[in-house]
Every structure is written in structure tokens, then in C-alpha cells.
$ cat my_file.txt   # compact mmCIF, C-alpha atoms and all ligand atoms
# COMPACT_ATOMS: atom_id res chain seq x y z
CA LYS A 1163 309.39 26.27 120.27
CA LEU A 1164 305.64 25.92 120.44
CA SER A 1165 305.35 22.49 118.84
CA LYS A 1166 307.29 21.04 121.79
CA HIS A 1167 304.38 21.73 124.08
CA LEU A 1168 301.82 20.26 121.75
CA ASP A 1169 301.12 16.69 122.73
CA ARG A 1170 297.86 16.31 120.84
CA PRO A 1171 296.76 16.76 117.26
CA ILE A 1172 295.12 20.04 116.27
CA VAL A 1173 291.88 19.43 114.41
CA LEU A 1174 290.16 22.08 112.32
CA VAL A 1175 286.38 21.83 112.03
CA GLY A 1176 283.71 24.01 110.44
CA LEU A 1177 281.63 24.50 107.34
CA MET A 1178 282.72 24.07 103.75
CA GLY A 1179 284.63 27.12 102.61
CA ALA A 1180 285.76 28.14 106.08
CA GLY A 1181 289.36 27.61 105.00
CA LYS A 1182 290.16 24.43 106.97
CA SER A 1183 292.54 23.04 104.35
CA THR A 1184 294.34 26.29 103.54
CA VAL A 1185 294.63 27.44 107.14
CA GLY A 1186 295.50 23.91 108.26
CA ARG A 1187 298.38 23.63 105.83
CA ARG A 1188 299.75 27.02 106.87
CA LEU A 1189 299.25 26.36 110.56
CA ALA A 1190 301.15 23.08 110.20
CA ARG A 1191 304.02 24.86 108.50
CA ARG A 1192 304.00 27.55 111.19
CA LEU A 1193 304.20 24.93 113.95
CA SER A 1194 306.57 22.60 112.06
CA LEU A 1195 304.03 19.81 112.24
CA PRO A 1196 302.82 17.44 109.52
CA PHE A 1197 299.52 18.26 107.87
CA VAL A 1198 296.77 15.92 106.78
CA ASP A 1199 293.40 16.58 105.14
CA SER A 1200 290.64 14.05 105.82
CA ASP A 1201 288.98 14.57 102.41
CA ASP A 1202 292.32 13.86 100.67
CA GLU A 1203 292.91 10.76 102.81
CA ILE A 1204 289.48 9.44 101.90
CA GLU A 1205 290.17 10.10 98.27
CA ASP A 1206 293.48 8.21 98.49
CA ALA A 1207 291.88 5.29 100.31
CA ALA A 1208 288.76 5.05 98.15
CA GLY A 1209 290.33 6.01 94.85
CA CYS A 1210 287.69 8.65 94.21
CA SER A 1211 286.73 12.09 95.51
CA PRO A 1212 284.16 12.69 98.27
CA ALA A 1213 281.76 13.93 95.55
CA GLU A 1214 282.15 10.67 93.61
CA MET A 1215 281.73 8.67 96.81
CA PHE A 1216 278.47 10.46 97.56
CA GLU A 1217 277.29 9.63 94.06
CA ARG A 1218 278.38 5.99 93.96
CA TYR A 1219 277.79 4.85 97.53
CA GLY A 1220 275.63 7.55 99.09
CA GLU A 1221 276.24 9.90 101.97
CA ALA A 1222 275.82 7.27 104.70
CA ASP A 1223 278.73 5.17 103.41
CA PHE A 1224 280.87 8.26 103.01
CA ARG A 1225 280.16 9.25 106.62
CA ASP A 1226 281.04 5.78 107.76
CA GLY A 1227 284.40 5.81 106.03
CA GLU A 1228 285.05 9.33 107.22
CA ARG A 1229 284.33 8.43 110.84
CA ARG A 1230 286.71 5.46 110.78
CA LEU A 1231 289.41 7.42 109.01
CA VAL A 1232 289.30 10.29 111.51
CA ALA A 1233 289.45 7.86 114.44
CA ARG A 1234 292.60 6.45 112.88
CA LEU A 1235 294.17 9.84 112.14
CA ILE A 1236 293.61 11.01 115.69
CA ASP A 1237 295.61 8.14 117.12
CA GLY A 1238 298.62 8.87 114.97
CA SER A 1239 301.39 11.37 115.54
CA VAL A 1240 300.87 14.96 116.61
CA ARG A 1241 299.86 16.90 113.53
CA VAL A 1242 297.36 19.34 112.10
CA ILE A 1243 294.24 17.70 110.69
CA ALA A 1244 291.73 19.47 108.43
CA THR A 1245 288.40 17.64 108.54
CA GLY A 1246 285.52 17.55 106.07
CA GLY A 1247 282.68 19.79 107.26
CA GLY A 1248 280.52 16.90 108.43
CA VAL A 1249 283.08 15.18 110.65
CA PHE A 1250 282.40 17.14 113.85
CA VAL A 1251 278.64 16.76 113.48
CA ASP A 1252 278.70 13.10 114.48
CA PRO A 1253 278.37 13.04 118.31
CA ARG A 1254 280.74 10.12 118.86
CA THR A 1255 283.42 11.59 116.63
CA ARG A 1256 282.98 14.97 118.27
CA LYS A 1257 283.48 13.45 121.70
CA LEU A 1258 286.53 11.50 120.54
CA LEU A 1259 288.11 14.56 118.96
CA ASN A 1260 287.46 16.76 121.98
CA GLU A 1261 289.05 14.14 124.23
CA ARG A 1262 292.13 13.42 122.17
CA ALA A 1263 292.79 16.60 120.20
CA ILE A 1264 292.67 20.35 120.37
CA THR A 1265 289.68 21.25 118.25
CA VAL A 1266 289.43 24.56 116.42
CA TRP A 1267 286.21 25.81 114.85
CA LEU A 1268 286.96 27.96 111.85
CA ASP A 1269 283.86 30.12 111.54
CA ALA A 1270 283.12 32.53 108.71
CA PRO A 1271 280.17 34.64 107.51
CA ILE A 1272 277.82 32.90 105.08
CA ASP A 1273 278.73 35.35 102.30
CA VAL A 1274 282.37 34.37 102.57
CA LEU A 1275 281.54 30.65 102.63
CA ALA A 1276 279.28 31.04 99.60
CA GLU A 1277 281.88 32.99 97.68
CA ARG A 1278 284.67 30.50 98.39
CA THR A 1279 282.66 27.34 97.76
CA GLY A 1280 281.19 28.90 94.61
CA ARG A 1281 284.57 28.88 92.92
CA ARG A 1282 284.61 25.12 92.40
CA ASP A 1283 281.83 22.57 92.04
CA THR A 1284 283.31 19.93 94.36
CA ARG A 1285 280.72 19.85 97.17
CA PRO A 1286 277.85 17.43 96.60
CA LEU A 1287 275.80 19.03 99.41
CA LEU A 1288 275.93 22.37 97.61
CA ARG A 1289 274.67 21.09 94.28
CA THR A 1290 271.31 22.69 95.03
CA PRO A 1291 269.34 25.50 93.35
CA ASP A 1292 270.34 27.82 96.20
CA PRO A 1293 273.78 26.92 97.57
CA LYS A 1294 273.92 29.97 99.83
CA GLY A 1295 270.55 29.07 101.36
CA THR A 1296 271.84 25.52 101.85
CA LEU A 1297 274.92 26.87 103.62
CA GLU A 1298 272.65 28.92 105.85
CA GLU A 1299 270.62 25.84 106.74
CA LEU A 1300 273.75 23.79 107.41
CA SER A 1301 275.09 26.59 109.58
CA LYS A 1302 271.91 26.58 111.67
CA ALA A 1303 271.79 22.81 111.89
CA ARG A 1304 275.47 22.42 112.80
CA GLY A 1305 276.21 25.54 114.83
CA ALA A 1306 275.60 23.86 118.17
CA ALA A 1307 277.97 21.01 117.26
CA TYR A 1308 280.75 23.27 115.99
CA SER A 1309 280.45 25.49 119.07
CA GLU A 1310 281.64 22.55 121.19
CA ALA A 1311 285.13 22.89 119.74
CA HIS A 1312 287.79 24.04 122.22
CA ILE A 1313 288.71 27.14 120.25
CA ARG A 1314 286.62 29.29 117.92
CA VAL A 1315 288.28 31.52 115.37
CA THR A 1316 286.45 33.74 112.92
CA SER A 1317 287.89 33.81 109.45
CA GLY A 1318 286.58 36.71 107.40
CA GLU A 1319 287.63 37.92 104.00
CA GLY A 1320 291.05 38.89 105.24
CA ALA A 1321 294.31 37.04 104.83
CA HIS A 1322 294.50 33.49 106.10
CA SER A 1323 297.80 34.37 107.81
CA ASN A 1324 295.90 36.43 110.41
CA VAL A 1325 293.78 33.39 111.18
CA VAL A 1326 296.89 31.25 111.59
CA GLU A 1327 298.38 33.71 114.08
CA THR A 1328 295.09 33.93 115.99
CA ILE A 1329 295.08 30.15 116.36
CA VAL A 1330 298.71 30.08 117.44
CA GLU A 1331 297.96 32.67 120.12
CA ALA A 1332 294.93 30.69 121.29
CA LEU A 1333 297.09 27.56 121.61
CA GLU A 1334 299.59 29.26 123.91
C1 LIG B 1401 281.03 18.04 103.68
C2 LIG B 1401 282.17 18.77 103.52
C3 LIG B 1401 283.21 18.46 102.52
C4 LIG B 1401 283.20 16.96 102.17
C5 LIG B 1401 281.81 16.53 101.78
C6 LIG B 1401 280.76 16.82 102.86
C7 LIG B 1401 280.03 18.45 104.71
O1 LIG B 1401 284.48 18.83 103.04
O2 LIG B 1401 283.65 16.18 103.24
O3 LIG B 1401 281.50 17.21 100.59
O4 LIG B 1401 279.14 17.65 105.05
O5 LIG B 1401 280.13 19.60 105.22
P1 LIG B 1401 284.97 20.37 103.18
O6 LIG B 1401 284.39 20.93 104.44
O7 LIG B 1401 286.46 20.25 103.27
O8 LIG B 1401 284.52 21.09 101.96
$ encode --input "my_file.txt" --output "C-alpha cells" --more "lines below"
Ligand code: S3P
Amino acid sequence: KLSKHLDRPIVLVGLMGAGKSTVGRRLARRLSLPFVDSDDEIEDAAGCSPAEMFERYGEADFRDGERRLVARLIDGSVRVIATGGGVFVDPRTRKLLNERAITVWLDAPIDVLAERTGRRDTRPLLRTPDPKGTLEELSKARGAAYSEAHIRVTSGEGAHSNVVETIVEALE
């Protein structure tokens, strides 16, 4: 019923570990929409993971590819898009997404982000002596950007299904 009224993509933004991919996949299923993950798309296109891209080409090239990819995804069909944590930080991309999509900031306490991202070593930005401190710094640096999203949803330690329902309610 709901997906009929949705004429724009839904884009999840927020820090690493906020649950963008997991919540995005479930939200897409809930709304009977396709799901796409920008990190996965980059990996498919480049033939290597974001971490490997950082290593081989540097962050600037990764950001470049990411920006172009997201601009392309946003012009496709209506779907749920999970973005890499840096996507919404770029002012032009942020503007584009806020104009053409419904943007949802998945926010979570630093402890939760640190716990989730600590499970796997896939984030080049968190390969630091103090990943939690790095997350704190990123949160401070990016908070203003993320807060420009249309909808903000806090995702704590609880089940992701609650977050999905909160987003669905906010979309109505
Ligand atoms: C990044 C987040 C990652 C990935 C890359 C950089 C960031 O995506 O794009 O490691 O700058 O916040 P996730 O948010 O899906 O972990």
C-alpha cells in the first residue's frame, strides 16, 4: 500500500555501524522495493572493496567514484539505497539527495557504533589506534551534515525491526 505513494528513492545516511545496510535491506523488503548498497555497487564496479580502493587509489578517488555512483543510483527507479558513511558529507551530493530522495539519518550512540564496527576490520577510516575516538571525531565533524537529512531515526542496541517501523511511520 505504502510503496504506491513513494515516488522518490529512500536514502539512508549516517556513520559506519549505524545499520544502514541491515535496516535498508529490511526496509526495502517491508516496502516491497528493491534495495541497493552503494559500497556493494562500488565493489562490483571497481572489482575491489572500498578498503582496497582506499589502499590502492586513495580516499579522494574513492570519494569521486562514490559521488558519481550515487548520482546515478538516485536517477534510477524508486528503491531503498544504503550509502557509505561519507556520501552525505559532500555538499553537492547532499543537496542532490535532499532534492531527489527522501533522506533518512540513522543515528546511534558511539558505543553502539564502536561495538558494531569492531566486529569486522573492513573500514579503512577505523584502522586507527583508537577507533572509538575516531568515530567520536567523525561524529562531531559530520553531525551538521547528517542533521540535514529529512528524517532522523535513532537506532540503539535494540532490534533493527523497531527502526524499520519507525522509518515507515515517519514516511507516512
Ligand atoms: C566510510 C564508510 C564506509 C565506506 C568507507 C568510508 C565513511 O561505509 O564507504 O569505508 O567515510 O564513513 P559504511 O558507512 O557502510 O561502513
$ closest_atom_pairs --input "my_file.txt" --of "chain A" --to "ligand LIG 1401 (chain B)" --cutoff "7 Å" --atoms "only C-alpha atoms and all ligand atoms" --output "JSON lines"
{"residue": "A:Gly1176", "atom": "CA", "partner": "B:LIG1401", "partner_atom": "O6", "distance": 6.8}
{"residue": "A:Leu1177", "atom": "CA", "partner": "B:LIG1401", "partner_atom": "O6", "distance": 5.4}
{"residue": "A:Met1178", "atom": "CA", "partner": "B:LIG1401", "partner_atom": "O6", "distance": 3.6}
{"residue": "A:Gly1179", "atom": "CA", "partner": "B:LIG1401", "partner_atom": "O8", "distance": 6.1}
{"residue": "A:Lys1182", "atom": "CA", "partner": "B:LIG1401", "partner_atom": "O7", "distance": 6.7}
{"residue": "A:Ser1183", "atom": "CA", "partner": "B:LIG1401", "partner_atom": "O7", "distance": 6.8}
{"residue": "A:Asp1201", "atom": "CA", "partner": "B:LIG1401", "partner_atom": "O2", "distance": 5.6}
{"residue": "A:Pro1212", "atom": "CA", "partner": "B:LIG1401", "partner_atom": "C5", "distance": 5.7}
{"residue": "A:Ala1213", "atom": "CA", "partner": "B:LIG1401", "partner_atom": "O3", "distance": 6.0}
{"residue": "A:Thr1245", "atom": "CA", "partner": "B:LIG1401", "partner_atom": "O7", "distance": 6.2}
{"residue": "A:Gly1246", "atom": "CA", "partner": "B:LIG1401", "partner_atom": "O1", "distance": 3.4}
{"residue": "A:Gly1247", "atom": "CA", "partner": "B:LIG1401", "partner_atom": "O5", "distance": 3.3}
{"residue": "A:Gly1248", "atom": "CA", "partner": "B:LIG1401", "partner_atom": "O4", "distance": 3.7}
{"residue": "A:Arg1285", "atom": "CA", "partner": "B:LIG1401", "partner_atom": "O3", "distance": 4.4}
{"residue": "A:Pro1286", "atom": "CA", "partner": "B:LIG1401", "partner_atom": "O3", "distance": 5.4}
{"residue": "A:Leu1287", "atom": "CA", "partner": "B:LIG1401", "partner_atom": "O3", "distance": 6.1}
$ residues_around --input "my_file.txt" --residues "region 1184-1190 of chain A" --least-positions-apart "4" --cutoff "6 Å" --atoms "only C-alpha atoms" --output "list of chain:residue names"
A:Ser1194, A:Leu1195, A:Pro1196, A:Phe1197, A:Val1242, A:Ala1244, A:Val1326
$ closest_residue --input "my_file.txt" --among "A:Asp1206, A:Glu1319, A:Glu1327, A:Asp1292" --to "Arg1278 (chain A)" --atoms "all atoms listed in the file"
A:Glu1319
$ atom_distance --input "my_file.txt" --atom1 "CA of Ala1307 (chain A)" --atom2 "CA of Ile1272 (chain A)"
17.0 Å
$ residues_around --input "my_file.txt" --residues "Arg1254 (chain A)" --least-positions-apart "5" --cutoff "12 Å" --atoms "only C-alpha atoms" --output "JSON, numbers by chain"
{"A": [1226, 1229, 1230, 1232, 1233, 1249, 1259, 1260, 1261, 1307]}
$ closest_residue --input "my_file.txt" --among "A:Arg1262, A:Lys1294, A:Arg1256, A:Lys1302" --to "Leu1275 (chain A)" --atoms "all atoms listed in the file"
A:Lys1294
$ closest_residue --input "my_file.txt" --among "A:Thr1284, A:Thr1279, A:Ser1200, A:Ala1263" --to "Val1240 (chain A)" --atoms "only C-alpha atoms"
A:Ala1263
$ closest_residue --input "my_file.txt" --among "A:Ala1180, A:Leu1288, A:Ile1172, A:Ala1222" --to "Val1325 (chain A)" --atoms "all atoms listed in the file"
A:Ala1180
$ build_atoms --input "my_file.txt" --residues "region 1291-1321 of chain A" --atoms "N, CA and C atoms" --output "mmCIF file, in the frame of the given file"
data_model
loop_
_atom_site.group_PDB
_atom_site.id
_atom_site.type_symbol
_atom_site.label_atom_id
_atom_site.label_comp_id
_atom_site.auth_asym_id
_atom_site.auth_seq_id
_atom_site.Cartn_x
_atom_site.Cartn_y
_atom_site.Cartn_z
ATOM 1 N N PRO A 1291 269.703 24.270 94.064
ATOM 2 C CA PRO A 1291 269.340 25.500 93.350
ATOM 3 C C PRO A 1291 269.819 26.755 94.086
ATOM 4 N N ASP A 1292 269.963 26.651 95.409
ATOM 5 C CA ASP A 1292 270.340 27.820 96.200
ATOM 6 C C ASP A 1292 271.445 27.452 97.203
ATOM 7 N N PRO A 1293 272.681 27.370 96.700
ATOM 8 C CA PRO A 1293 273.780 26.920 97.570
ATOM 9 C C PRO A 1293 273.965 27.778 98.816
ATOM 10 N N LYS A 1294 273.751 29.085 98.677
ATOM 11 C CA LYS A 1294 273.920 29.970 99.830
ATOM 12 C C LYS A 1294 272.860 29.674 100.894
ATOM 13 N N GLY A 1295 271.621 29.446 100.433
ATOM 14 C CA GLY A 1295 270.550 29.070 101.360
ATOM 15 C C GLY A 1295 270.874 27.741 102.038
ATOM 16 N N THR A 1296 271.457 26.819 101.281
ATOM 17 C CA THR A 1296 271.840 25.520 101.850
ATOM 18 C C THR A 1296 272.926 25.702 102.908
ATOM 19 N N LEU A 1297 273.875 26.585 102.618
ATOM 20 C CA LEU A 1297 274.920 26.870 103.620
ATOM 21 C C LEU A 1297 274.310 27.460 104.885
ATOM 22 N N GLU A 1298 273.332 28.331 104.698
ATOM 23 C CA GLU A 1298 272.650 28.920 105.850
ATOM 24 C C GLU A 1298 271.967 27.847 106.701
ATOM 25 N N GLU A 1299 271.291 26.926 106.017
ATOM 26 C CA GLU A 1299 270.620 25.840 106.740
ATOM 27 C C GLU A 1299 271.624 24.956 107.465
ATOM 28 N N LEU A 1300 272.716 24.622 106.774
ATOM 29 C CA LEU A 1300 273.750 23.790 107.410
ATOM 30 C C LEU A 1300 274.333 24.500 108.626
ATOM 31 N N SER A 1301 274.529 25.807 108.486
ATOM 32 C CA SER A 1301 275.090 26.590 109.580
ATOM 33 C C SER A 1301 274.171 26.535 110.800
ATOM 34 N N LYS A 1302 272.868 26.659 110.566
ATOM 35 C CA LYS A 1302 271.910 26.580 111.670
ATOM 36 C C LYS A 1302 271.890 25.191 112.285
ATOM 37 N N ALA A 1303 271.898 24.186 111.415
ATOM 38 C CA ALA A 1303 271.790 22.810 111.890
ATOM 39 C C ALA A 1303 273.054 22.371 112.641
ATOM 40 N N ARG A 1304 274.203 22.908 112.249
ATOM 41 C CA ARG A 1304 275.470 22.420 112.800
ATOM 42 C C ARG A 1304 276.113 23.343 113.821
ATOM 43 N N GLY A 1305 275.579 24.548 113.955
ATOM 44 C CA GLY A 1305 276.210 25.540 114.830
ATOM 45 C C GLY A 1305 276.457 25.032 116.234
ATOM 46 N N ALA A 1306 275.465 24.346 116.792
ATOM 47 C CA ALA A 1306 275.600 23.860 118.170
ATOM 48 C C ALA A 1306 276.752 22.854 118.272
ATOM 49 N N ALA A 1307 276.883 22.007 117.259
ATOM 50 C CA ALA A 1307 277.970 21.010 117.260
ATOM 51 C C ALA A 1307 279.327 21.706 117.153
ATOM 52 N N TYR A 1308 279.459 22.581 116.176
ATOM 53 C CA TYR A 1308 280.750 23.270 115.990
ATOM 54 C C TYR A 1308 281.143 24.068 117.238
ATOM 55 N N SER A 1309 280.137 24.633 117.915
ATOM 56 C CA SER A 1309 280.450 25.490 119.070
ATOM 57 C C SER A 1309 281.018 24.687 120.248
ATOM 58 N N GLU A 1310 281.012 23.366 120.138
ATOM 59 C CA GLU A 1310 281.640 22.550 121.190
ATOM 60 C C GLU A 1310 283.141 22.392 121.005
ATOM 61 N N ALA A 1311 283.676 22.936 119.933
ATOM 62 C CA ALA A 1311 285.130 22.890 119.740
ATOM 63 C C ALA A 1311 285.820 23.699 120.835
ATOM 64 N N HIS A 1312 287.061 23.352 121.145
ATOM 65 C CA HIS A 1312 287.790 24.040 122.220
ATOM 66 C C HIS A 1312 288.022 25.518 121.903
ATOM 67 N N ILE A 1313 288.339 25.787 120.660
ATOM 68 C CA ILE A 1313 288.710 27.140 120.250
ATOM 69 C C ILE A 1313 287.847 27.548 119.073
ATOM 70 N N ARG A 1314 287.366 28.785 119.067
ATOM 71 C CA ARG A 1314 286.620 29.290 117.920
ATOM 72 C C ARG A 1314 287.366 30.483 117.332
ATOM 73 N N VAL A 1315 287.591 30.428 116.041
ATOM 74 C CA VAL A 1315 288.280 31.520 115.370
ATOM 75 C C VAL A 1315 287.445 31.951 114.169
ATOM 76 N N THR A 1316 287.216 33.247 114.058
ATOM 77 C CA THR A 1316 286.450 33.740 112.920
ATOM 78 C C THR A 1316 287.391 34.087 111.782
ATOM 79 N N SER A 1317 287.063 33.556 110.615
ATOM 80 C CA SER A 1317 287.890 33.810 109.450
ATOM 81 C C SER A 1317 287.058 34.586 108.437
ATOM 82 N N GLY A 1318 287.342 35.851 108.296
ATOM 83 C CA GLY A 1318 286.580 36.710 107.400
ATOM 84 C C GLY A 1318 287.162 36.696 106.006
ATOM 85 N N GLU A 1319 287.088 37.830 105.350
ATOM 86 C CA GLU A 1319 287.630 37.920 104.000
ATOM 87 C C GLU A 1319 289.132 38.142 104.004
ATOM 88 N N GLY A 1320 289.639 38.520 105.147
ATOM 89 C CA GLY A 1320 291.050 38.890 105.240
ATOM 90 C C GLY A 1320 292.009 37.739 104.982
ATOM 91 N N ALA A 1321 293.278 38.033 105.130
ATOM 92 C CA ALA A 1321 294.310 37.040 104.830
ATOM 93 C C ALA A 1321 294.233 35.869 105.804
#
